[in-house]
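Enquirer: Structure file work.txt (compact mmCIF, N, CA and C atoms) right here:
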# COMPACT_ATOMS: atom_id res chain seq x y z
N MET O 25 179.92 100.25 -38.42
CA MET O 25 178.59 100.61 -38.82
C MET O 25 178.17 99.75 -40.00
N SER O 26 177.75 98.59 -39.71
CA SER O 26 177.32 97.70 -40.78
C SER O 26 175.83 97.79 -41.05
N GLY O 27 175.04 98.41 -40.19
CA GLY O 27 173.58 98.50 -40.36
C GLY O 27 173.18 99.71 -41.19
N SER O 28 171.91 99.81 -41.49
CA SER O 28 171.39 100.94 -42.27
C SER O 28 171.23 102.16 -41.37
N PHE O 29 171.15 103.32 -41.97
CA PHE O 29 171.01 104.57 -41.24
C PHE O 29 169.60 104.67 -40.66
N ARG O 30 169.50 104.98 -39.38
CA ARG O 30 168.19 105.10 -38.72
C ARG O 30 168.04 106.51 -38.19
N SER O 31 166.88 107.05 -38.41
CA SER O 31 166.59 108.37 -37.85
C SER O 31 166.17 108.20 -36.39
N PRO O 32 166.27 109.25 -35.61
CA PRO O 32 165.84 109.14 -34.22
C PRO O 32 164.36 108.76 -34.16
N ALA O 33 164.01 108.02 -33.15
CA ALA O 33 162.63 107.55 -33.01
C ALA O 33 161.69 108.74 -32.79
N THR O 34 160.71 108.84 -33.64
CA THR O 34 159.69 109.88 -33.50
C THR O 34 158.36 109.20 -33.24
N PRO O 35 157.58 109.74 -32.34
CA PRO O 35 156.30 109.10 -32.05
C PRO O 35 155.38 109.19 -33.28
N ALA O 36 154.62 108.15 -33.48
CA ALA O 36 153.69 108.12 -34.61
C ALA O 36 152.51 109.04 -34.33
N THR O 37 152.05 109.72 -35.34
CA THR O 37 150.89 110.59 -35.23
C THR O 37 149.65 109.80 -35.61
N THR O 38 148.62 109.92 -34.79
CA THR O 38 147.36 109.22 -35.07
C THR O 38 146.27 110.24 -35.35
N ILE O 39 145.14 109.75 -35.77
CA ILE O 39 144.02 110.64 -36.11
C ILE O 39 143.52 111.38 -34.88
N THR O 40 143.65 110.78 -33.71
CA THR O 40 143.19 111.44 -32.49
C THR O 40 144.11 112.57 -32.05
N ASP O 41 145.29 112.67 -32.66
CA ASP O 41 146.20 113.79 -32.36
C ASP O 41 145.78 115.07 -33.08
N LEU O 42 144.92 114.93 -34.07
CA LEU O 42 144.47 116.10 -34.83
C LEU O 42 143.44 116.89 -34.04
N ASN O 43 143.26 118.13 -34.43
CA ASN O 43 142.26 118.99 -33.84
C ASN O 43 140.87 118.38 -34.06
N GLU O 44 140.04 118.40 -33.04
CA GLU O 44 138.70 117.79 -33.14
C GLU O 44 137.85 118.42 -34.23
N ASP O 45 137.95 119.73 -34.41
CA ASP O 45 137.18 120.40 -35.46
C ASP O 45 137.63 119.95 -36.85
N SER O 46 138.91 119.72 -37.01
CA SER O 46 139.43 119.25 -38.30
C SER O 46 138.92 117.86 -38.63
N VAL O 47 138.94 116.99 -37.63
CA VAL O 47 138.46 115.62 -37.85
C VAL O 47 136.96 115.64 -38.10
N ALA O 48 136.21 116.50 -37.40
CA ALA O 48 134.76 116.60 -37.62
C ALA O 48 134.47 117.09 -39.03
N HIS O 49 135.26 118.03 -39.51
CA HIS O 49 135.08 118.52 -40.87
C HIS O 49 135.32 117.40 -41.88
N CYS O 50 136.35 116.62 -41.67
CA CYS O 50 136.64 115.48 -42.57
C CYS O 50 135.55 114.43 -42.46
N ALA O 51 135.05 114.19 -41.26
CA ALA O 51 134.00 113.19 -41.07
C ALA O 51 132.70 113.61 -41.75
N GLY O 52 132.55 114.89 -42.00
CA GLY O 52 131.37 115.37 -42.71
C GLY O 52 131.28 114.88 -44.14
N TYR O 53 132.37 114.37 -44.68
CA TYR O 53 132.38 113.84 -46.05
C TYR O 53 132.22 112.32 -46.09
N LEU O 54 132.11 111.69 -44.93
CA LEU O 54 131.99 110.24 -44.88
C LEU O 54 130.55 109.80 -45.09
N SER O 55 130.39 108.55 -45.48
CA SER O 55 129.05 107.97 -45.61
C SER O 55 128.54 107.58 -44.23
N LEU O 56 127.28 107.24 -44.16
CA LEU O 56 126.68 106.82 -42.90
C LEU O 56 127.40 105.59 -42.34
N ARG O 57 127.68 104.64 -43.18
CA ARG O 57 128.38 103.43 -42.75
C ARG O 57 129.78 103.77 -42.23
N ASP O 58 130.48 104.66 -42.91
CA ASP O 58 131.83 105.03 -42.48
C ASP O 58 131.81 105.76 -41.14
N VAL O 59 130.81 106.60 -40.92
CA VAL O 59 130.69 107.31 -39.64
C VAL O 59 130.41 106.31 -38.52
N CYS O 60 129.57 105.32 -38.79
CA CYS O 60 129.29 104.29 -37.79
C CYS O 60 130.55 103.47 -37.48
N ASN O 61 131.33 103.16 -38.50
CA ASN O 61 132.59 102.45 -38.28
C ASN O 61 133.58 103.31 -37.50
N LEU O 62 133.60 104.61 -37.78
CA LEU O 62 134.46 105.54 -37.05
C LEU O 62 134.09 105.55 -35.57
N ALA O 63 132.80 105.50 -35.28
CA ALA O 63 132.33 105.53 -33.89
C ALA O 63 132.77 104.29 -33.11
N MET O 64 132.99 103.19 -33.80
CA MET O 64 133.37 101.95 -33.11
C MET O 64 134.87 101.83 -32.86
N THR O 65 135.67 102.78 -33.34
CA THR O 65 137.12 102.64 -33.21
C THR O 65 137.65 103.08 -31.85
N SER O 66 137.13 104.16 -31.29
CA SER O 66 137.60 104.61 -29.98
C SER O 66 136.54 105.51 -29.36
N SER O 67 136.67 105.75 -28.07
CA SER O 67 135.68 106.59 -27.39
C SER O 67 135.78 108.05 -27.85
N ALA O 68 136.99 108.51 -28.16
CA ALA O 68 137.15 109.89 -28.64
C ALA O 68 136.49 110.06 -30.01
N LEU O 69 136.68 109.08 -30.89
CA LEU O 69 136.07 109.17 -32.21
C LEU O 69 134.57 108.89 -32.16
N LYS O 70 134.13 108.16 -31.14
CA LYS O 70 132.69 107.93 -30.97
C LYS O 70 131.99 109.25 -30.64
N ARG O 71 132.57 110.03 -29.73
CA ARG O 71 132.00 111.35 -29.40
C ARG O 71 131.94 112.22 -30.65
N LEU O 72 132.99 112.16 -31.44
CA LEU O 72 133.05 112.96 -32.66
C LEU O 72 132.00 112.48 -33.67
N ALA O 73 131.87 111.17 -33.83
CA ALA O 73 130.92 110.61 -34.79
C ALA O 73 129.48 110.84 -34.37
N TYR O 74 129.23 111.07 -33.10
CA TYR O 74 127.87 111.32 -32.62
C TYR O 74 127.53 112.81 -32.62
N SER O 75 128.39 113.66 -33.14
CA SER O 75 128.15 115.10 -33.10
C SER O 75 126.94 115.48 -33.96
N ASP O 76 126.23 116.50 -33.52
CA ASP O 76 125.00 116.92 -34.19
C ASP O 76 125.23 117.38 -35.62
N SER O 77 126.35 118.03 -35.89
CA SER O 77 126.59 118.55 -37.24
C SER O 77 126.62 117.42 -38.27
N ILE O 78 127.20 116.30 -37.91
CA ILE O 78 127.27 115.17 -38.84
C ILE O 78 125.89 114.56 -39.06
N TRP O 79 125.13 114.38 -37.98
CA TRP O 79 123.83 113.72 -38.10
C TRP O 79 122.77 114.65 -38.69
N GLN O 80 122.91 115.95 -38.50
CA GLN O 80 122.00 116.88 -39.18
C GLN O 80 122.19 116.81 -40.68
N ARG O 81 123.42 116.61 -41.14
CA ARG O 81 123.67 116.45 -42.57
C ARG O 81 123.00 115.20 -43.09
N PHE O 82 123.12 114.08 -42.36
CA PHE O 82 122.45 112.85 -42.79
C PHE O 82 120.93 113.04 -42.83
N PHE O 83 120.40 113.77 -41.85
CA PHE O 83 118.96 114.03 -41.80
C PHE O 83 118.53 114.82 -43.04
N ARG O 84 119.27 115.89 -43.37
CA ARG O 84 118.95 116.72 -44.54
C ARG O 84 119.07 115.93 -45.83
N GLU O 85 120.11 115.10 -45.94
CA GLU O 85 120.31 114.33 -47.16
C GLU O 85 119.22 113.28 -47.36
N HIS O 86 118.77 112.70 -46.26
CA HIS O 86 117.80 111.60 -46.37
C HIS O 86 116.37 112.11 -46.51
N TRP O 87 116.01 113.16 -45.78
CA TRP O 87 114.63 113.64 -45.79
C TRP O 87 114.48 115.04 -46.37
N HIS O 88 115.52 115.63 -46.85
CA HIS O 88 115.50 116.94 -47.52
C HIS O 88 114.83 118.02 -46.68
N GLN O 89 115.07 117.97 -45.40
CA GLN O 89 114.59 119.03 -44.51
C GLN O 89 115.49 119.09 -43.29
N GLN O 90 115.44 120.21 -42.63
CA GLN O 90 116.23 120.42 -41.42
C GLN O 90 115.45 119.87 -40.24
N PRO O 91 116.09 119.14 -39.33
CA PRO O 91 115.35 118.66 -38.16
C PRO O 91 114.89 119.84 -37.32
N ALA O 92 113.70 119.71 -36.74
CA ALA O 92 113.16 120.77 -35.90
C ALA O 92 114.05 120.97 -34.68
N SER O 93 114.30 122.21 -34.34
CA SER O 93 115.24 122.50 -33.24
C SER O 93 114.69 122.01 -31.90
N HIS O 94 113.37 122.07 -31.70
CA HIS O 94 112.82 121.61 -30.42
C HIS O 94 112.81 120.10 -30.33
N SER O 95 112.97 119.40 -31.45
CA SER O 95 112.99 117.94 -31.45
C SER O 95 114.37 117.38 -31.15
N CYS O 96 115.38 118.23 -31.17
CA CYS O 96 116.77 117.77 -31.03
C CYS O 96 117.25 117.78 -29.59
N ALA O 97 116.35 117.65 -28.63
CA ALA O 97 116.77 117.68 -27.23
C ALA O 97 117.75 116.55 -26.91
N ASN O 98 117.55 115.39 -27.51
CA ASN O 98 118.44 114.25 -27.28
C ASN O 98 119.57 114.20 -28.30
N GLY O 99 119.60 115.12 -29.21
CA GLY O 99 120.65 115.15 -30.22
C GLY O 99 120.13 114.76 -31.59
N ALA O 100 120.84 115.21 -32.60
CA ALA O 100 120.44 114.96 -33.98
C ALA O 100 120.55 113.48 -34.34
N ARG O 101 121.50 112.78 -33.75
CA ARG O 101 121.65 111.35 -34.03
C ARG O 101 120.42 110.58 -33.56
N GLU O 102 119.97 110.86 -32.34
CA GLU O 102 118.78 110.19 -31.81
C GLU O 102 117.55 110.52 -32.63
N LEU O 103 117.45 111.77 -33.08
CA LEU O 103 116.32 112.17 -33.92
C LEU O 103 116.35 111.43 -35.26
N TYR O 104 117.53 111.32 -35.86
CA TYR O 104 117.68 110.59 -37.12
C TYR O 104 117.28 109.13 -36.95
N LEU O 105 117.80 108.49 -35.90
CA LEU O 105 117.51 107.08 -35.67
C LEU O 105 116.04 106.84 -35.36
N ALA O 106 115.43 107.74 -34.59
CA ALA O 106 114.00 107.61 -34.27
C ALA O 106 113.16 107.77 -35.53
N ARG O 107 113.50 108.74 -36.36
CA ARG O 107 112.74 108.95 -37.60
C ARG O 107 112.92 107.76 -38.54
N HIS O 108 114.14 107.26 -38.64
CA HIS O 108 114.41 106.11 -39.50
C HIS O 108 113.63 104.89 -39.02
N ALA O 109 113.62 104.64 -37.71
CA ALA O 109 112.89 103.50 -37.16
C ALA O 109 111.38 103.67 -37.36
N ALA O 110 110.88 104.88 -37.16
CA ALA O 110 109.45 105.13 -37.33
C ALA O 110 109.01 104.88 -38.77
N LEU O 111 109.81 105.30 -39.72
CA LEU O 111 109.45 105.09 -41.12
C LEU O 111 109.52 103.63 -41.50
N ARG O 112 110.45 102.91 -40.92
CA ARG O 112 110.54 101.47 -41.20
C ARG O 112 109.36 100.73 -40.59
N GLN O 113 108.76 101.30 -39.55
CA GLN O 113 107.60 100.69 -38.90
C GLN O 113 106.30 101.34 -39.38
N PHE O 114 106.38 102.17 -40.41
CA PHE O 114 105.24 102.87 -40.97
C PHE O 114 104.52 103.74 -39.95
N LYS O 115 105.29 104.39 -39.09
CA LYS O 115 104.73 105.37 -38.16
C LYS O 115 104.96 106.74 -38.77
N PHE O 116 103.91 107.49 -38.92
CA PHE O 116 104.03 108.81 -39.54
C PHE O 116 103.48 109.87 -38.59
N VAL O 117 103.91 111.07 -38.78
CA VAL O 117 103.46 112.19 -37.98
C VAL O 117 102.04 112.54 -38.38
N ASP O 118 101.20 112.77 -37.40
CA ASP O 118 99.81 113.12 -37.66
C ASP O 118 99.76 114.54 -38.24
N PRO O 119 99.23 114.71 -39.46
CA PRO O 119 99.20 116.05 -40.06
C PRO O 119 98.24 117.00 -39.37
N PHE O 120 97.37 116.48 -38.50
CA PHE O 120 96.40 117.34 -37.84
C PHE O 120 96.85 117.79 -36.45
N VAL O 121 98.05 117.41 -36.07
CA VAL O 121 98.59 117.87 -34.79
C VAL O 121 99.09 119.29 -34.98
N LEU O 122 98.66 120.17 -34.11
CA LEU O 122 99.04 121.57 -34.20
C LEU O 122 100.09 121.90 -33.16
N GLU O 123 100.94 122.83 -33.49
CA GLU O 123 101.90 123.34 -32.54
C GLU O 123 101.48 124.76 -32.16
N PHE O 124 101.43 125.02 -30.88
CA PHE O 124 101.05 126.34 -30.41
C PHE O 124 102.27 127.03 -29.82
N HIS O 125 102.39 128.30 -30.10
CA HIS O 125 103.48 129.10 -29.54
C HIS O 125 102.98 129.69 -28.23
N GLU O 126 103.83 129.64 -27.23
CA GLU O 126 103.43 130.09 -25.90
C GLU O 126 103.18 131.59 -25.84
N GLN O 127 103.87 132.36 -26.64
CA GLN O 127 103.72 133.80 -26.59
C GLN O 127 102.92 134.29 -27.80
N ALA O 128 101.84 133.61 -28.08
CA ALA O 128 101.02 133.98 -29.24
C ALA O 128 100.31 135.30 -28.98
N LYS O 129 100.21 136.09 -30.00
CA LYS O 129 99.50 137.36 -29.93
C LYS O 129 98.22 137.23 -30.74
N PRO O 130 97.19 137.96 -30.38
CA PRO O 130 95.94 137.86 -31.14
C PRO O 130 96.12 138.39 -32.56
N PHE O 131 95.43 137.79 -33.48
CA PHE O 131 95.50 138.25 -34.87
C PHE O 131 94.37 139.24 -35.12
N ASN O 132 94.57 140.13 -36.07
CA ASN O 132 93.52 141.08 -36.40
C ASN O 132 93.26 141.15 -37.90
N ARG O 133 93.86 140.28 -38.66
CA ARG O 133 93.60 140.20 -40.10
C ARG O 133 93.37 138.74 -40.46
N LEU O 134 92.45 138.53 -41.37
CA LEU O 134 92.12 137.19 -41.82
C LEU O 134 92.03 137.21 -43.34
N LEU O 135 92.73 136.30 -43.99
CA LEU O 135 92.74 136.24 -45.44
C LEU O 135 92.35 134.83 -45.88
N LEU O 136 91.32 134.74 -46.71
CA LEU O 136 90.90 133.47 -47.28
C LEU O 136 91.33 133.45 -48.73
N HIS O 137 92.08 132.42 -49.12
CA HIS O 137 92.55 132.30 -50.49
C HIS O 137 92.47 130.84 -50.90
N LYS O 138 91.58 130.53 -51.82
CA LYS O 138 91.34 129.16 -52.29
C LYS O 138 91.12 128.25 -51.09
N ASN O 139 91.97 127.28 -50.88
CA ASN O 139 91.81 126.36 -49.75
C ASN O 139 92.69 126.72 -48.56
N HIS O 140 93.16 127.95 -48.52
CA HIS O 140 94.08 128.36 -47.46
C HIS O 140 93.44 129.43 -46.59
N LEU O 141 93.82 129.43 -45.34
CA LEU O 141 93.36 130.41 -44.37
C LEU O 141 94.60 131.02 -43.72
N PHE O 142 94.76 132.33 -43.82
CA PHE O 142 95.94 133.02 -43.27
C PHE O 142 95.50 133.98 -42.18
N PHE O 143 96.22 133.96 -41.07
CA PHE O 143 96.00 134.90 -39.98
C PHE O 143 97.18 135.85 -39.96
N SER O 144 96.92 137.09 -39.59
CA SER O 144 97.99 138.08 -39.58
C SER O 144 97.82 139.00 -38.38
N GLN O 145 98.95 139.53 -37.95
CA GLN O 145 98.95 140.55 -36.91
C GLN O 145 99.36 141.85 -37.56
N ARG O 146 98.64 142.89 -37.26
CA ARG O 146 98.97 144.18 -37.86
C ARG O 146 100.24 144.71 -37.23
N ILE O 147 101.09 145.20 -38.07
CA ILE O 147 102.32 145.82 -37.60
C ILE O 147 102.09 147.32 -37.60
N ASN O 148 102.25 147.93 -36.44
CA ASN O 148 102.05 149.38 -36.35
C ASN O 148 103.17 150.08 -37.09
N SER O 149 102.80 150.97 -37.97
CA SER O 149 103.81 151.71 -38.71
C SER O 149 103.63 153.19 -38.46
N LEU O 150 104.71 153.90 -38.55
CA LEU O 150 104.67 155.35 -38.37
C LEU O 150 104.23 156.00 -39.67
N LYS O 151 103.39 157.02 -39.55
CA LYS O 151 102.91 157.72 -40.74
C LYS O 151 103.62 159.02 -40.92
Turn the structure described in the file into structure tokens.
Expert:
Amino acid sequence: MSGSFRSPATPATTITDLNEDSVAHCAGYLSLRDVCNLAMTSSALKRLAYSDSIWQRFFREHWHQQPASHSCANGARELYLARHAALRQFKFVDPFVLEFHEQAKPFNRLLLHKNHLFFSQRINSLK
């Protein structure tokens, strides 16, 4: 026995061996550049780096608001990239565009206060 002592061969552990939720939690602390680099390393990490939880955080940090839930049909990453591209091209949301709710109920109260107009629905209460 002239050689050094060797332990039995153990397989190396990689980041993809970890639980996906654990890696996603750790990825939540990465910068935008680091998440993009993570996405380029493997297909498994790309799926993880494209997760909505990570991109919703970037959206909140950059624009200080939560992305609208109905706008996230293609995912939070696509929404972030579309908003980023629109702002770089000076495309802004029209402030006069209204959103209507499909199950709207008629209002029966109207309140005028300075430059604001409030509509209200009466809530029936027991006496």
Enquirer: O:Gly52, O:Ala33, O:Asp76, O:Asp45: which is nearest Gly99 in chain O, counting all atoms listed in the file?
Expert: O:Asp76
Enquirer: Considering only N, CA and C atoms, state which residue in the set O:Val47, O:Leu135, O:Ala106, O:Ala100 is at the smallest distance from Ser75 in chain O.
Expert: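 Of O:Val47, O:Leu135, O:Ala106, O:Ala100, the one nearest Ser75 in chain O is O:Ala100, counting only N, CA and C atoms.
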Enquirer: Go ahead and compute the interatomic distance for CA of Trp79 in chain O and atom N of Tyr104 in chain O, in Å to one decimal.
Expert: 7.1 Å
Enquirer: Do you have the CA of Gln113 in chain O-CA of Tyr74 in chain O distance handy?
Expert: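 CA of Tyr74 in chain O lies at a distance of 23.7 Å from CA of Gln113 in chain O.
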Enquirer: Expressed in Å to a single decimal, how great is the separation between atom N of His49 in chain O and atom N of Ile78 in chain O?
Expert: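 Separation of atom N of His49 in chain O and atom N of Ile78 in chain O: 8.4 Å.
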Enquirer: Measuring between only C-alpha atoms, which one of O:Phe131, O:Ala36, O:His108, O:Arg71 shows the shortest distance to Ala51 in chain O?
Expert: O:Arg71
